[in-house]
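Asker: Submitted below is the structure of interest, expressed as structure tokens.
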Amino acid sequence: MLTLDHISHRFGKKEILNDVDLTIADGSFTAILGPNGSGKTTMLRLIANLITPSAGCVLIDGKAASEYPVRQLAQKIAIVRQNAYTDIDFTAKQLVMMGRNPYQRPLQDDTPLDLQIVEQAMRQTKSWHLRDSLPTQLSGGELQRVMIARALAQQTPILLLDEPTSSLDVCHQFEIMELLRTINREQGKTILIVLHDLNLALRYCPETILLYNQQLYFHGPTSEALTSKNIATVFSITAIATPDSQLSLQPMPAGQ
Amino acid sequence: MKKRLPITISIILLLILLAATVIASLSVGVADISLEQLLHSPILWKLRMPRVLLAATAGAALATSGAVYQSVFRNPLTDPYVLGISSGASLGAALAILLGLEAYLVGVGAAALTTALLTMLLLFKTSTRTNRIDTNTLLLTGVCMTFLITAVISLLMALRHDKMESIIFWTMGSFSSASWLDLAILLPVTMLCLVPVLYHRKDLNLLLTGAETAQSLGLDVEKVRRRLLITTTLMVAFTVSACGVIGFVGLVVPHVVRLVAGTDNRRLIPLTILTGAIFLLLCDTLARILIPPNELPVGSITSLIGAPMFIYLLHKNHR
């Protein structure tokens, strides 16, 4: 279980998150939505203990994230970050193998089990055929699948993703979301994903966290989160539900 | 993917090559004596032996520090001198020369080591905030420190023209005054410093992906980075104090090994240690035999051989 216990974070004088208090149930698939600068990425980094909150704490299975040794935390939480660093001379397979690091000792070679887990993760994300390619030889979608494979190779109960679809074409966006849904359903992984596309959230994520003005605006079922009223407040746009329960989005009329 | 020699075979081959280079280097020189005479001669035991071993040790230390810095700073242009440790050492050497300490056995080297270590201390103090080393601050502070100290050395030389030549000669780097004492200090220090580097060589791969990614993959970034930076910088300080500033080895040997053996630090680090030793020993041997009875500055030999070799490999790899 993942709990954000009255988390606040500020960077210098600038407030980025203010008193966010929520609990994520095991096995849930949650979208984190909100306008630019509302604190979505910061929330993921706080959960992964990459930064320390100014106040409050993140609890993972009842223990503060900051109390975990780095290795142990990497066995609990994997994160797929925005803009993976690609200027690096490692093959896709070597990059995915790095996901096994939390289970390896410094001088230990990759075990047959590690190799098996890496192959499985890469097959699952349809990236096994790319195993000998360098990041610079991969398209955005391919690289994203390799990065997800690395997170899967970490074999964590919790998976965080920061806008994994935003640089992808429509087809690849669906492909990634379908993959995540499968992982969520079949392996029971808890997934938190930062998204910009409200319709993708509506289609794939049963739960939604809405951030607005550095605060938690709503946490609950996505269908209840993405009402026209909430969307008007949070994103300042007009949303009309279509018959196939998607949203048609339009700019607000001037003056409103 | 390119097929590469298994790492153990590469290491054995390089060890053989190193042994061969050591023997070859011991047996050539300005003094024209037969091999049999040489074995009982002080030329071998007092002059060539410590010099050959010191050059190999320094080469290993410089090349390895370059490789570590390049991974930790994620910058291919960093070399062992980027943090200003070399200028720190040069300042001490310059002061010692001005004060006439050359006459004493370890005067200049000890002074160089003192100022190099002080520079290192100052550098890490100013770049550490709340127990975290900020690598960008460290790098920029190091570069600034280099300029500052170099300016001071220039001032010293301007004030004392008569000592200018010996100061410049020291900063150019040389093994001509190598002694068993130098070796007795540098060899154990280098070996001790190489232990954590070898131990963390896989972690260097993770550091290449960036600090936050490395941490999310289970690496205690702050601890490992600090440990690696301190040990390699220490190694550089001792090396520069023993033999002056010898350029190019630390920058290019890691790159050459990378071009041949790949970026994976698990292979790169052990191969760089050996290649650095062989390369600098070879350069120093050439420096002392090319135009007898004079010696060439070893730093220019490293560049004269290293630069074309590097450019060739670079082009070959891009084809």
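Ligands are numbered from 1 in the order shown, chains are lettered A, B, ... in the order of the structure tokens, and residues start at 1 in each chain.
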If the cut-off is 6 Å, can you tell me the residues of chain B near chain A, counting only C-alpha atoms? I'd like them as a PyMOL selection string.

Answerer: chain B and resi 216-218+220+263

Asker: Can you write out the residues you just picked, keeping C-alpha atoms, as a PDB file, in the first residue's frame?

Answerer:
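The resulting file, out_21.pdb, is reproduced below:
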```
ATOM      1  CA  SER B 216      15.847   4.599  -8.975  1.00  0.00           C
ATOM      2  CA  LEU B 217      17.785   1.529 -10.132  1.00  0.00           C
ATOM      3  CA  GLY B 218      19.030   0.976  -6.591  1.00  0.00           C
ATOM      4  CA  ASP B 220      23.278   4.888  -3.516  1.00  0.00           C
ATOM      5  CA  THR B 263      31.440   1.537 -23.013  1.00  0.00           C
TER       6      THR B 263
END
```

Asker: With only C-alpha atoms as the counted atoms, please give the residues lying no more than 10 Å from range 187-200 of chain A, apart from itself and same-chain residues fewer than 5 positions off, as a ChimeraX atom specification.

Answerer: /A:1-2,24-36,40-41,43-44,77-80,82,152,155-166,173-174,177,180-182,205,207-209,222,226,231,245-249

Asker: What are the nearest atom pairs, with distances in Å to one decimal, for all residues of range 20-105 of chain B that come at most 12 Å from range 132-148 of chain B, using only C-alpha atoms, set out by chain and rising residue number as a Markdown table?

Answerer:
```
| residue | atom | partner | partner_atom | distance |
| --- | --- | --- | --- | --- |
| B:Tyr69 | CA | B:Leu139 | CA | 9.9 |
| B:Gln70 | CA | B:Leu139 | CA | 11.4 |
| B:Ser71 | CA | B:Thr135 | CA | 11.5 |
| B:Val72 | CA | B:Thr135 | CA | 8.1 |
| B:Phe73 | CA | B:Thr135 | CA | 6.5 |
| B:Arg74 | CA | B:Thr135 | CA | 9.7 |
| B:Asn75 | CA | B:Leu139 | CA | 10.3 |
| B:Leu77 | CA | B:Leu139 | CA | 11.6 |
| B:Thr78 | CA | B:Leu139 | CA | 9.1 |
| B:Asp79 | CA | B:Leu139 | CA | 11.0 |
| B:Pro80 | CA | B:Gly142 | CA | 11.0 |
| B:Tyr81 | CA | B:Thr146 | CA | 8.7 |
| B:Val82 | CA | B:Val143 | CA | 6.2 |
| B:Leu83 | CA | B:Gly142 | CA | 3.8 |
| B:Gly84 | CA | B:Thr146 | CA | 4.5 |
| B:Ile85 | CA | B:Thr146 | CA | 7.8 |
| B:Ser86 | CA | B:Thr146 | CA | 8.0 |
| B:Ser87 | CA | B:Thr146 | CA | 5.7 |
| B:Gly88 | CA | B:Thr146 | CA | 7.6 |
| B:Ala89 | CA | B:Thr146 | CA | 10.6 |
| B:Ser90 | CA | B:Thr146 | CA | 10.3 |
| B:Leu91 | CA | B:Thr146 | CA | 10.3 |
```

Asker: Residues at most 8 Å from range 182-188 of chain B, counting only C-alpha atoms, excluding those fewer than 3 positions away in the same chain, as a ChimeraX atom specification?

Answerer: /B:50,53-54,57-58,178-179,191-192,238-239,242

Asker: Name the closest residue to Gln116 in chain A among the candidates A:Phe218, A:Tyr68, A:Trp128, A:Tyr212; distances are taken between atoms, counting only C-alpha atoms.

Answerer: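 The closest residue to Gln116 in chain A is A:Trp128.
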
Asker: Find the residues near Val245 in chain B: any atom within 6 Å, counting only C-alpha atoms, skip ones fewer than 3 places away on the same chain, and give them as an NGL selection string.

Answerer: :B and (171-173 or 240)

Asker: As an exercise, work out the distance from CA of Val256 in chain B to CA of Ile305 in chain B in Å and give it to one decimal place.

Answerer: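 About the pair CA of Val256 in chain B and CA of Ile305 in chain B: they are 12.3 Å apart.
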
Asker: From a DSSP calculation on the backbone, collect every residue of range 64-207 of chain A in strand (DSSP E or B) and output the set as a list in words.

Answerer: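 The strand (DSSP E or B) subset of range 64-207 of chain A is Ala64, Ile77, Ala78, Ile79, Val80, Ile158, Leu159, Leu160, Leu161, Asp162, Thr190, Ile191, Leu192, Ile193, Val194 and Glu207 of chain A.
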
Asker: Those residues you just picked out, can you put them in a file as a PDB file, in the first residue's frame with C-alpha atoms?

Answerer:
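Generated file (again09.pdb):
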```
ATOM      1  CA  ALA A  64       8.590   5.787   5.179  1.00  0.00           C
ATOM      2  CA  ILE A  77       9.234   1.012  -6.918  1.00  0.00           C
ATOM      3  CA  ALA A  78      10.280   1.355 -10.541  1.00  0.00           C
ATOM      4  CA  ILE A  79       9.966   4.624 -12.415  1.00  0.00           C
ATOM      5  CA  VAL A  80       9.920   5.384 -16.130  1.00  0.00           C
ATOM      6  CA  ILE A 158       4.681  -0.415  -7.862  1.00  0.00           C
ATOM      7  CA  LEU A 159       5.320   1.131 -11.280  1.00  0.00           C
ATOM      8  CA  LEU A 160       5.450   4.893 -11.869  1.00  0.00           C
ATOM      9  CA  LEU A 161       5.413   6.424 -15.353  1.00  0.00           C
ATOM     10  CA  ASP A 162       5.889  10.070 -16.260  1.00  0.00           C
ATOM     11  CA  THR A 190       0.079  -0.888  -8.845  1.00  0.00           C
ATOM     12  CA  ILE A 191       0.486   1.654 -11.634  1.00  0.00           C
ATOM     13  CA  LEU A 192       0.583   5.439 -11.364  1.00  0.00           C
ATOM     14  CA  ILE A 193       0.852   7.264 -14.634  1.00  0.00           C
ATOM     15  CA  VAL A 194       1.115  10.959 -15.433  1.00  0.00           C
ATOM     16  CA  GLU A 207      -8.734   5.761 -10.883  1.00  0.00           C
TER      17      GLU A 207
END
```

Asker: Select, from B:Leu18, B:Leu95, B:Ala24, B:Leu251, the residue with the minimum atom-to-atom distance to Leu155 in chain B, counting only C-alpha atoms.

Answerer: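 Checking each of B:Leu18, B:Leu95, B:Ala24, B:Leu251 against Leu155 in chain B, counting only C-alpha atoms, the winner is B:Leu95.
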
Asker: Can you list, as a CSV table (one decimal) with C-alpha atoms, in the first residue's frame, all residues belonging to range 25-250 of chain B that DSSP tags as alpha helix (DSSP H)?

Answerer:
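Ended up saving to states12.csv:
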```
chain,number,residue,atom,x,y,z
B,25,SER,CA,62.1,-0.8,-21.8
B,26,LEU,CA,64.5,-2.0,-19.2
B,27,SER,CA,66.9,-3.3,-21.9
B,35,LEU,CA,72.6,-7.4,-21.5
B,36,GLU,CA,74.8,-9.5,-19.3
B,37,GLN,CA,76.6,-6.4,-17.9
B,38,LEU,CA,73.2,-4.7,-17.5
B,39,LEU,CA,71.9,-7.3,-15.1
B,42,PRO,CA,73.3,0.1,-11.2
B,49,MET,CA,63.9,-0.2,-12.9
B,50,PRO,CA,62.2,2.5,-10.7
B,51,ARG,CA,61.6,4.7,-13.7
B,52,VAL,CA,60.0,2.0,-15.8
B,53,LEU,CA,57.7,0.9,-12.9
B,54,LEU,CA,56.9,4.5,-12.0
B,55,ALA,CA,55.9,5.3,-15.6
B,56,ALA,CA,53.6,2.2,-15.7
B,57,THR,CA,52.0,3.0,-12.4
B,58,ALA,CA,51.4,6.6,-13.3
B,59,GLY,CA,50.0,5.6,-16.7
B,60,ALA,CA,47.5,3.2,-14.9
B,61,ALA,CA,46.5,5.9,-12.4
B,62,LEU,CA,46.0,8.7,-14.9
B,63,ALA,CA,44.1,6.6,-17.4
B,64,THR,CA,41.8,5.1,-14.8
B,65,SER,CA,41.1,8.5,-13.2
B,66,GLY,CA,40.2,9.8,-16.6
B,67,ALA,CA,37.8,6.9,-17.2
B,68,VAL,CA,36.1,7.4,-13.8
B,69,TYR,CA,35.8,11.2,-14.2
B,70,GLN,CA,34.3,10.7,-17.7
B,71,SER,CA,31.6,8.4,-16.3
B,72,VAL,CA,30.9,10.3,-13.1
B,85,ILE,CA,44.7,19.1,-8.9
B,86,SER,CA,47.5,19.4,-11.4
B,87,SER,CA,47.8,23.1,-11.0
B,88,GLY,CA,47.6,22.7,-7.2
B,89,ALA,CA,50.6,20.3,-7.4
B,90,SER,CA,52.4,22.7,-9.8
B,91,LEU,CA,52.0,25.6,-7.3
B,92,GLY,CA,53.6,23.5,-4.6
B,93,ALA,CA,56.4,22.5,-6.9
B,94,ALA,CA,57.0,26.1,-8.1
B,95,LEU,CA,57.1,27.3,-4.5
B,96,ALA,CA,59.6,24.6,-3.6
B,97,ILE,CA,61.8,25.4,-6.6
B,98,LEU,CA,61.7,29.1,-5.7
B,107,GLY,CA,61.4,18.5,-1.4
B,108,VAL,CA,59.6,19.3,-4.6
B,109,GLY,CA,57.4,16.2,-4.6
B,110,ALA,CA,56.4,16.7,-1.0
B,111,ALA,CA,55.5,20.3,-1.6
B,112,ALA,CA,53.6,19.4,-4.7
B,113,LEU,CA,51.7,16.7,-2.8
B,114,THR,CA,50.9,19.1,0.0
B,115,THR,CA,49.4,21.8,-2.2
B,116,ALA,CA,47.6,19.2,-4.4
B,117,LEU,CA,45.9,17.7,-1.3
B,118,LEU,CA,45.0,21.2,0.0
B,119,THR,CA,43.5,22.0,-3.4
B,120,MET,CA,41.5,18.8,-3.3
B,121,LEU,CA,40.3,19.5,0.2
B,122,LEU,CA,39.2,23.0,-0.7
B,123,LEU,CA,37.5,21.8,-3.8
B,124,PHE,CA,35.4,19.1,-2.1
B,125,LYS,CA,34.6,21.5,0.9
B,126,THR,CA,33.2,24.2,-1.4
B,127,SER,CA,31.3,21.7,-3.6
B,135,THR,CA,29.1,17.4,-9.7
B,136,ASN,CA,28.5,20.5,-11.8
B,137,THR,CA,29.7,22.8,-9.0
B,138,LEU,CA,32.7,20.6,-8.5
B,139,LEU,CA,33.6,20.6,-12.1
B,140,LEU,CA,33.2,24.4,-12.5
B,141,THR,CA,35.0,25.1,-9.2
B,142,GLY,CA,37.8,22.9,-10.4
B,143,VAL,CA,38.1,24.7,-13.7
B,144,CYS,CA,38.1,28.1,-12.0
B,145,MET,CA,40.7,26.8,-9.5
B,146,THR,CA,43.0,25.9,-12.4
B,147,PHE,CA,42.8,29.4,-13.8
B,148,LEU,CA,43.4,30.9,-10.4
B,149,ILE,CA,46.4,28.8,-9.5
B,150,THR,CA,47.9,29.0,-13.0
B,151,ALA,CA,47.8,32.8,-12.7
B,152,VAL,CA,49.6,32.6,-9.3
B,153,ILE,CA,52.3,30.4,-10.9
B,154,SER,CA,52.7,32.8,-13.8
B,155,LEU,CA,53.2,35.6,-11.3
B,156,LEU,CA,55.8,33.7,-9.4
B,157,MET,CA,57.6,32.9,-12.6
B,158,ALA,CA,57.4,36.6,-13.7
B,159,LEU,CA,59.0,37.6,-10.4
B,161,HIS,CA,62.9,34.7,-14.2
B,162,ASP,CA,66.0,32.7,-13.1
B,163,LYS,CA,63.8,29.8,-11.8
B,164,MET,CA,61.3,29.9,-14.7
B,165,GLU,CA,63.0,27.1,-16.6
B,166,SER,CA,63.0,24.6,-13.8
B,167,ILE,CA,59.4,25.4,-13.0
B,168,ILE,CA,58.3,24.9,-16.6
B,169,PHE,CA,60.4,21.8,-16.8
B,170,TRP,CA,58.6,20.4,-13.7
B,171,THR,CA,55.1,21.2,-15.0
B,172,MET,CA,55.9,19.5,-18.3
B,180,TRP,CA,62.6,3.8,-5.6
B,181,LEU,CA,61.2,6.2,-3.0
B,182,ASP,CA,58.8,7.7,-5.5
B,183,LEU,CA,57.7,4.2,-6.5
B,184,ALA,CA,57.4,3.1,-2.9
B,185,ILE,CA,54.8,5.9,-2.4
B,186,LEU,CA,52.9,5.9,-5.7
B,187,LEU,CA,52.6,2.2,-6.2
B,188,PRO,CA,50.8,1.3,-3.0
B,189,VAL,CA,48.6,4.4,-3.1
B,190,THR,CA,47.6,3.7,-6.7
B,191,MET,CA,46.8,0.0,-5.9
B,192,LEU,CA,44.7,1.0,-2.8
B,193,CYS,CA,42.8,3.6,-4.8
B,194,LEU,CA,42.1,1.1,-7.6
B,195,VAL,CA,40.3,-1.2,-5.3
B,196,PRO,CA,37.1,0.9,-4.9
B,197,VAL,CA,37.2,1.8,-8.6
B,198,LEU,CA,37.3,-1.9,-9.6
B,199,TYR,CA,34.7,-2.7,-7.0
B,201,ARG,CA,32.9,-0.5,-12.0
B,202,LYS,CA,29.4,-1.7,-12.7
B,203,ASP,CA,28.0,1.3,-10.8
B,204,LEU,CA,29.8,3.6,-13.2
B,205,ASN,CA,27.5,2.3,-15.9
B,206,LEU,CA,24.5,3.3,-13.8
B,207,LEU,CA,26.0,6.7,-13.1
B,208,LEU,CA,26.2,7.2,-16.9
B,211,ALA,CA,21.9,10.5,-11.0
B,212,GLU,CA,18.2,10.1,-10.5
B,213,THR,CA,17.9,7.1,-12.9
B,214,ALA,CA,20.8,5.5,-11.2
B,215,GLN,CA,19.2,6.0,-7.8
B,216,SER,CA,15.8,4.6,-9.0
B,221,VAL,CA,24.5,7.7,-5.8
B,222,GLU,CA,25.8,10.1,-3.3
B,223,LYS,CA,27.8,7.5,-1.4
B,224,VAL,CA,29.3,5.8,-4.5
B,225,ARG,CA,30.0,9.1,-6.3
B,226,ARG,CA,31.8,10.6,-3.3
B,227,ARG,CA,33.8,7.5,-2.8
B,228,LEU,CA,34.9,7.3,-6.4
B,229,LEU,CA,35.7,11.0,-6.8
B,230,ILE,CA,37.8,11.1,-3.6
B,231,THR,CA,39.8,8.0,-4.4
B,232,THR,CA,40.5,9.0,-8.0
B,233,THR,CA,41.4,12.5,-7.1
B,234,LEU,CA,43.7,11.3,-4.4
B,235,MET,CA,45.4,9.0,-7.0
B,236,VAL,CA,45.8,12.0,-9.4
B,237,ALA,CA,47.3,14.2,-6.6
B,238,PHE,CA,50.0,11.5,-5.8
B,239,THR,CA,50.7,10.9,-9.5
B,240,VAL,CA,51.2,14.6,-10.4
B,241,SER,CA,53.4,15.1,-7.3
B,242,ALA,CA,55.6,12.2,-8.4
B,243,CYS,CA,56.1,13.0,-12.1
B,249,VAL,CA,47.0,9.8,-21.2
B,250,GLY,CA,44.0,10.4,-18.9
```
